[in-house]
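**Student:** Take this structure first; my questions come after.
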Amino acid sequence: MEQPIHVDVCIVGSGPAGAIVTSQLAGRGKRIAIVEGGSWNDVNEQSRRLDGGSAAQLAISKEHLHVPMRVYSGVSWMYWQIKKVGGNSRIWGGMCPRGLESQFKMKSVYGVGEDWPIDYAELEPFYCQAEEELGVSGPSQADQKPWRSKPYPLPAFDNDYVGQLFANACTSLGYSSETTPTAKATQAYRGREACRYCNVNKCMSCLTTARYKSDVHIRQAMLDPNVSLLTDTTAATFVLGDTGRIEQLLCYMPDRSRRTVVADLFVLAGNTVGNARLLLLSAQGGHPDGLANRSQAVGRYYMGHPVYEYLAQMKTRVSAARSAFTAISRHFEAGEHIRDAAGFRMFINGSDQSAPLHGMRLVDQGLYGTRFKSALKELTRNGIKASVVTDCLPRPENRIEIDPENLDYFGQPGLKVTYNYGEYEESGRRLGAQTMARVLDALEATPTGEAAYDVAHQLGTTRMGTDPESSVVNRDLRAHDVDNLYIAGGSVFPNALGPTNPTLTIAALSMRLGQHLRQRLGL
C-alpha cells in the first residue's frame, strides 16, 4: 500500500522558478519535496543533438511525458516543454535582459495591455540577486537602461564579429544597441566553468556548466537531507481538505502507480501550460471550474513572443563567428509607437545559428550527401540569421482548456490551445521586419529567405493582480482563493514585458517569493 510523503513544502517543477524557490528555503530545517515529471538529463544522449529544437524533442520523447494537444491557431504556433530536471533551462539561449520600467506599466504609459501590480523599482533588488544566482555576464557602462543598483556579477562577453557589425549598423542608422547580458560565465563562477565558445550551434543545449541550468540549484539544495527530489513523478491533481486548503498532491509514476505528497504549503512552479493544466484538472467542490479559478482567468491571457527571421548572406566571411548573439537593439521597445504597434527587439547570429534553417531548405530542394554538405558549407560561410522578437497583448480568448476527448498516458484529459493575435502584433512585426531590412541594407547583406513563428516564450494563464475577480494570484504570488497555494514562473505575468526574455524576471520573482515564504514560515 502506498505511503504518502509528508513534508512542510511541496514544490512542483524543477525549472528556474522551482529551483530558486527551493534554494531559498533549503538548509533552514524544513522538509521540502520537489516534484518533477522527468528525470535527470542524459548529457551523453543530448550531445548527439546539436541544436535546441532537437534537444527539446529528445526531452519529451517518453510516452508518459507527452500531453496531447489540439491547437487552434491562425499563426505558426511553437511549444517547447522540457520534462527533465532543470526544465526549460536545459535548452535556453541564456539571454537575461531586465524588463524596462515602462513595460511594467504598459496600460498607464501607453494605454495598451495591462499594468503589473508591482513596478520595476520594487523588483530591482531581486533582479540583482537573480543575476548573482544565474551568474549573468553583462556590460559595465553606467548609463544602462533600465537603471540598476549593482553591477553585473561577471564581465560581459566581447561582441563577436557579427555582433559588432550589427552594433555598427545600428549606430549608422541612429538606433541604440547594447551588449547582451547572458547567463553564461565569462570566467569560473561558483563552481561553474567559463564558456568554451563551443560553437556548432550548441549554445541552446550547452553541454558544459558555463550556461546556467537550474539543476545547479537543485543539486545544492539536495545537500540538505531534508530536501528530496521526486523524479519521474507526474503531478495530477491537488486535493483540498475541509478547511479549503490543499492537503495533498496526487501524482503518477511511469508504471501508472500513484504517489501522494502531503504538505502544509504548495508552490506550483511548472511552465505556463503545465501550471494552468494542473489547476484545471483540480476542479472539485467549491472550485467547479478549476482550482483557484473564481476569476475564470486560469488558462486565459496566454501570451508568447512572435519571432520574425531573415536569412542573409554577408559579403565577408562570418563562419567563425560565435553563436552568443552578443549585441542586441532594444531601441524600439519603448516610445510613442508602442501605442499602435507592438514593441520589438533585434539581434543577429552568426552562420552556425542559420545552419538549421539553411539545411531544411536544402533538403526541401532534394540535396543529400556530399552535395548537401557542399551547399550548406557555402551558404553558412557568409550566412547570418537576423531576428526580430515582438511583444504581444494579453487577450482572454488566447487560452489553455481541458480536452476530455483527448487523454494522456495516465487517462487524464489533454489540452485545447487557442492562440492568435491581432493588428497590434501584426503592426509591430511589420515595423520590425522593415527596420531589420534597413539594418541588413546597412550591412550590405543580401536576404536569402525568411521564417516566422510564434510563442517563443510561454507566459500568462495564472496572472498576478490585486483584483481576485480578474487575476489568479496576488502580489505575493499566493492564489487569491487558496491560502496555502503559491504559483511561480512565467504563468503569473500580467503582460509579456514587451519582447523581454522572461527567465531573469522569473528568477527575480522567485527570489522575491522565497523571501516571502521565509517570512511566512518564520525562517
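Naming scheme: A, B, ... for chains in displayed order of the C-alpha cells; residues 1 onward per chain; ligands 1 onward as shown.
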Return as a Markdown table the residues of segment 385-414 of chain A lying at most 12 Å from segment 322-345 of chain A, together with the closest atom-to-atom pair for each and the distance in Å to one decimal, counting only C-alpha atoms, with rows in chain order and ascending residue number.
**Tutor:**
| residue | atom | partner | partner_atom | distance |
| --- | --- | --- | --- | --- |
| A:Lys385 | CA | A:Phe325 | CA | 10.1 |
| A:Ala386 | CA | A:Phe325 | CA | 10.1 |
| A:Ser387 | CA | A:Arg345 | CA | 8.2 |
| A:Val388 | CA | A:Arg345 | CA | 5.7 |
| A:Val389 | CA | A:Arg345 | CA | 5.4 |
| A:Thr390 | CA | A:Phe344 | CA | 4.3 |
| A:Asp391 | CA | A:Ala342 | CA | 5.2 |
| A:Cys392 | CA | A:Ala342 | CA | 6.4 |
| A:Leu393 | CA | A:Ala342 | CA | 8.2 |
| A:Pro394 | CA | A:Ala342 | CA | 12.0 |
**Student:** For the residues in that selection, give me N, CA and C atoms as a short mmCIF file (atom, residue, chain, number, x, y, z; two decimals), in the first residue's frame.
**Tutor:**
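selection16.cif was written with the following content:
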data_model
loop_
_atom_site.label_atom_id
_atom_site.label_comp_id
_atom_site.auth_asym_id
_atom_site.auth_seq_id
_atom_site.Cartn_x
_atom_site.Cartn_y
_atom_site.Cartn_z
N LYS A 385 21.72 34.96 -39.48
CA LYS A 385 20.29 34.92 -39.20
C LYS A 385 19.93 36.18 -38.42
N ALA A 386 19.05 36.99 -38.96
CA ALA A 386 18.64 38.25 -38.34
C ALA A 386 17.26 38.06 -37.73
N SER A 387 17.13 38.31 -36.43
CA SER A 387 15.90 38.01 -35.70
C SER A 387 15.24 39.26 -35.15
N VAL A 388 13.91 39.27 -35.22
CA VAL A 388 13.09 40.32 -34.62
C VAL A 388 12.10 39.64 -33.68
N VAL A 389 12.15 39.96 -32.38
CA VAL A 389 11.25 39.39 -31.39
C VAL A 389 10.26 40.47 -30.97
N THR A 390 8.97 40.14 -30.97
CA THR A 390 7.92 41.14 -30.84
C THR A 390 7.07 40.91 -29.59
N ASP A 391 6.57 41.98 -29.03
CA ASP A 391 5.64 41.94 -27.89
C ASP A 391 4.28 41.41 -28.35
N CYS A 392 3.44 41.04 -27.41
CA CYS A 392 2.05 40.69 -27.70
C CYS A 392 1.18 41.12 -26.54
N LEU A 393 -0.12 41.28 -26.79
CA LEU A 393 -1.05 41.72 -25.75
C LEU A 393 -1.66 40.52 -25.03
N PRO A 394 -2.02 40.68 -23.75
CA PRO A 394 -2.76 39.63 -23.05
C PRO A 394 -4.22 39.64 -23.49
#
**Student:** Excluding segment 26-29 of chain A and any residue of its chain fewer than 2 positions from it, enumerate the residues within 7 Å of it, using only C-alpha atoms, and give them as number ranges by chain.
**Tutor:** A: 22-24, 31, 221, 224, 227, 523
**Student:** So, with only C-alpha atoms as the atoms that count, which of A:Pro153, A:Pro16, A:Gly135, A:Gly432 lies closest to Arg192 of chain A?
**Tutor:**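 Of A:Pro153, A:Pro16, A:Gly135, A:Gly432, the one nearest Arg192 of chain A is A:Gly135, counting only C-alpha atoms.
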**Student:** Applying 9 Å and only C-alpha atoms, which residues near Leu250 of chain A remain after dropping the ones on its own chain fewer than 2 positions away? List them as a list in words.
**Tutor:**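 My list of contacting residues is Thr234, Ala235, Ala236, Thr237, Phe238, Val239, Gln248, Tyr252, Arg258, Arg259, Thr260, Val261 and Val262 of chain A.
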**Student:** Please determine, counting only C-alpha atoms, which residue among A:Asn159, A:Asp242, A:Thr503, A:Pro413 has the shortest atom-to-atom distance to Ser282 of chain A.
**Tutor:**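 Checking each of A:Asn159, A:Asp242, A:Thr503, A:Pro413 against Ser282 of chain A, counting only C-alpha atoms, the winner is A:Pro413.
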**Student:** For each of A:Ser510, A:Asn406, A:Ser39, A:Ser295, take the minimum atom-to-atom distance to Pro254 of chain A, counting only C-alpha atoms, then give the residue where this is smallest.
**Tutor:**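 Closest to Pro254 of chain A, using only C-alpha atoms: A:Ser39.
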**Student:** Can you tell me, as JSON, numbers by chain, what residues are no more than 9 Å from Ser14 of chain A when counting only C-alpha atoms, ignoring any on the same chain fewer than 3 positions away?
**Tutor:** {"A": [11, 17, 18, 19, 20, 22, 34, 35, 36, 84, 85, 86, 87, 214, 215, 218, 229, 269, 270]}
**Student:** Pick out the closest residue to Leu517 of chain A from this set: A:Ala210, A:Ala121, A:Leu230, A:Val21. Count only C-alpha atoms.
**Tutor:**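 Closest to Leu517 of chain A of all the choices is A:Val21.
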**Student:** Among segment 105-309 of chain A, which ones does DSSP assign to strand (DSSP E) (computed from the backbone)? Answer as a PyMOL selection string.
**Tutor:** chain A and resi 137-138+154-155+178-179+227-230+234-240+246-252+258-262+265-268+307-309
**Student:** Those residues you just picked out, can you put them in a file as a PDB file, in the first residue's frame with C-alpha atoms?
**Tutor:**
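The resulting result_10.pdb:
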ATOM      1  CA  SER A 137      27.684  38.326 -17.590  1.00  0.00           C
ATOM      2  CA  GLY A 138      26.880  41.890 -18.541  1.00  0.00           C
ATOM      3  CA  LEU A 154      30.534  38.829 -14.286  1.00  0.00           C
ATOM      4  CA  PRO A 155      32.096  40.895 -17.092  1.00  0.00           C
ATOM      5  CA  GLU A 178      23.974  47.128 -26.276  1.00  0.00           C
ATOM      6  CA  THR A 179      25.977  44.071 -25.318  1.00  0.00           C
ATOM      7  CA  VAL A 227      15.228  18.128   0.648  1.00  0.00           C
ATOM      8  CA  SER A 228      14.051  15.318  -1.620  1.00  0.00           C
ATOM      9  CA  LEU A 229      13.706  15.309  -5.396  1.00  0.00           C
ATOM     10  CA  LEU A 230      10.895  13.103  -6.687  1.00  0.00           C
ATOM     11  CA  THR A 234       3.837  13.498 -12.791  1.00  0.00           C
ATOM     12  CA  ALA A 235       1.634  15.860 -10.788  1.00  0.00           C
ATOM     13  CA  ALA A 236      -2.033  15.030 -11.460  1.00  0.00           C
ATOM     14  CA  THR A 237      -4.428  16.723  -9.012  1.00  0.00           C
ATOM     15  CA  PHE A 238      -4.452  18.905  -5.921  1.00  0.00           C
ATOM     16  CA  VAL A 239      -6.862  17.710  -3.214  1.00  0.00           C
ATOM     17  CA  LEU A 240      -8.495  20.162  -0.806  1.00  0.00           C
ATOM     18  CA  ILE A 246      -4.737  21.957  -0.194  1.00  0.00           C
ATOM     19  CA  GLU A 247      -3.882  18.846   1.774  1.00  0.00           C
ATOM     20  CA  GLN A 248      -2.444  16.548  -0.877  1.00  0.00           C
ATOM     21  CA  LEU A 249      -0.943  16.434  -4.344  1.00  0.00           C
ATOM     22  CA  LEU A 250      -1.794  13.224  -6.186  1.00  0.00           C
ATOM     23  CA  CYS A 251       0.843  12.093  -8.693  1.00  0.00           C
ATOM     24  CA  TYR A 252       1.506   9.264 -11.157  1.00  0.00           C
ATOM     25  CA  ARG A 258       0.099   6.532  -7.525  1.00  0.00           C
ATOM     26  CA  ARG A 259       2.286   8.718  -5.342  1.00  0.00           C
ATOM     27  CA  THR A 260       0.860  11.196  -2.817  1.00  0.00           C
ATOM     28  CA  VAL A 261       2.590  14.208  -1.288  1.00  0.00           C
ATOM     29  CA  VAL A 262       1.098  15.770   1.857  1.00  0.00           C
ATOM     30  CA  LEU A 265       2.447  24.768   1.648  1.00  0.00           C
ATOM     31  CA  PHE A 266       2.436  24.096  -2.086  1.00  0.00           C
ATOM     32  CA  VAL A 267       4.352  26.024  -4.753  1.00  0.00           C
ATOM     33  CA  LEU A 268       3.227  25.387  -8.328  1.00  0.00           C
ATOM     34  CA  VAL A 307       9.507  35.963 -33.964  1.00  0.00           C
ATOM     35  CA  TYR A 308      10.450  37.007 -37.495  1.00  0.00           C
ATOM     36  CA  GLU A 309      13.744  35.876 -39.008  1.00  0.00           C
TER      37      GLU A 309
END
**Student:** Which residue is closest to Val12 of chain A? Choose from A:Phe126, A:Met464, A:Leu485, A:Pro288 and count only C-alpha atoms.
**Tutor:** A:Leu485
**Student:** Which polymer residues have any atom within 12 Å of an atom of Pro306 of chain A, counting only C-alpha atoms, with same-chain residues fewer than 6 positions away left out, as a PyMOL selection string?
**Tutor:** chain A and resi 75-78+342-345+387-393+419-422+424-430+432-433+451-458+496+498-501
**Student:** Among segment 381-468 of chain A, which ones does DSSP assign to helix (DSSP H, G or I) (computed from the backbone)? Answer as number ranges by chain.
**Tutor:** A: 381, 423-442
**Student:** One decimal, in Å: what's the spacing between atom CA of Pro125 of chain A and atom CA of Arg148 of chain A?
**Tutor:**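 Distance reported for this atom pair: 8.5 Å.
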**Student:** Calculated over only C-alpha atoms, which of the candidates A:Gln313, A:Gln519, A:Thr466, A:Asn484 has the smallest distance to Pro117 of chain A?
**Tutor:**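 Smallest separation from Pro117 of chain A among the options: A:Thr466.
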**Student:** So which residues touch Leu134 of chain A within 12 Å, counting only C-alpha atoms, skipping near sequence neighbours fewer than 2 positions away, as a PyMOL selection string?
**Tutor:** chain A and resi 16-17+19-20+89+94-96+127-132+136-138+152-154+181-185+189-190+192+209-217+503-508+511
**Student:** Rounded to one decimal place, report the atom CA of Met360 of chain A-atom CA of Gly449 of chain A distance in Å.
**Tutor:**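 For atom CA of Met360 of chain A relative to atom CA of Gly449 of chain A, the distance reads 11.7 Å.
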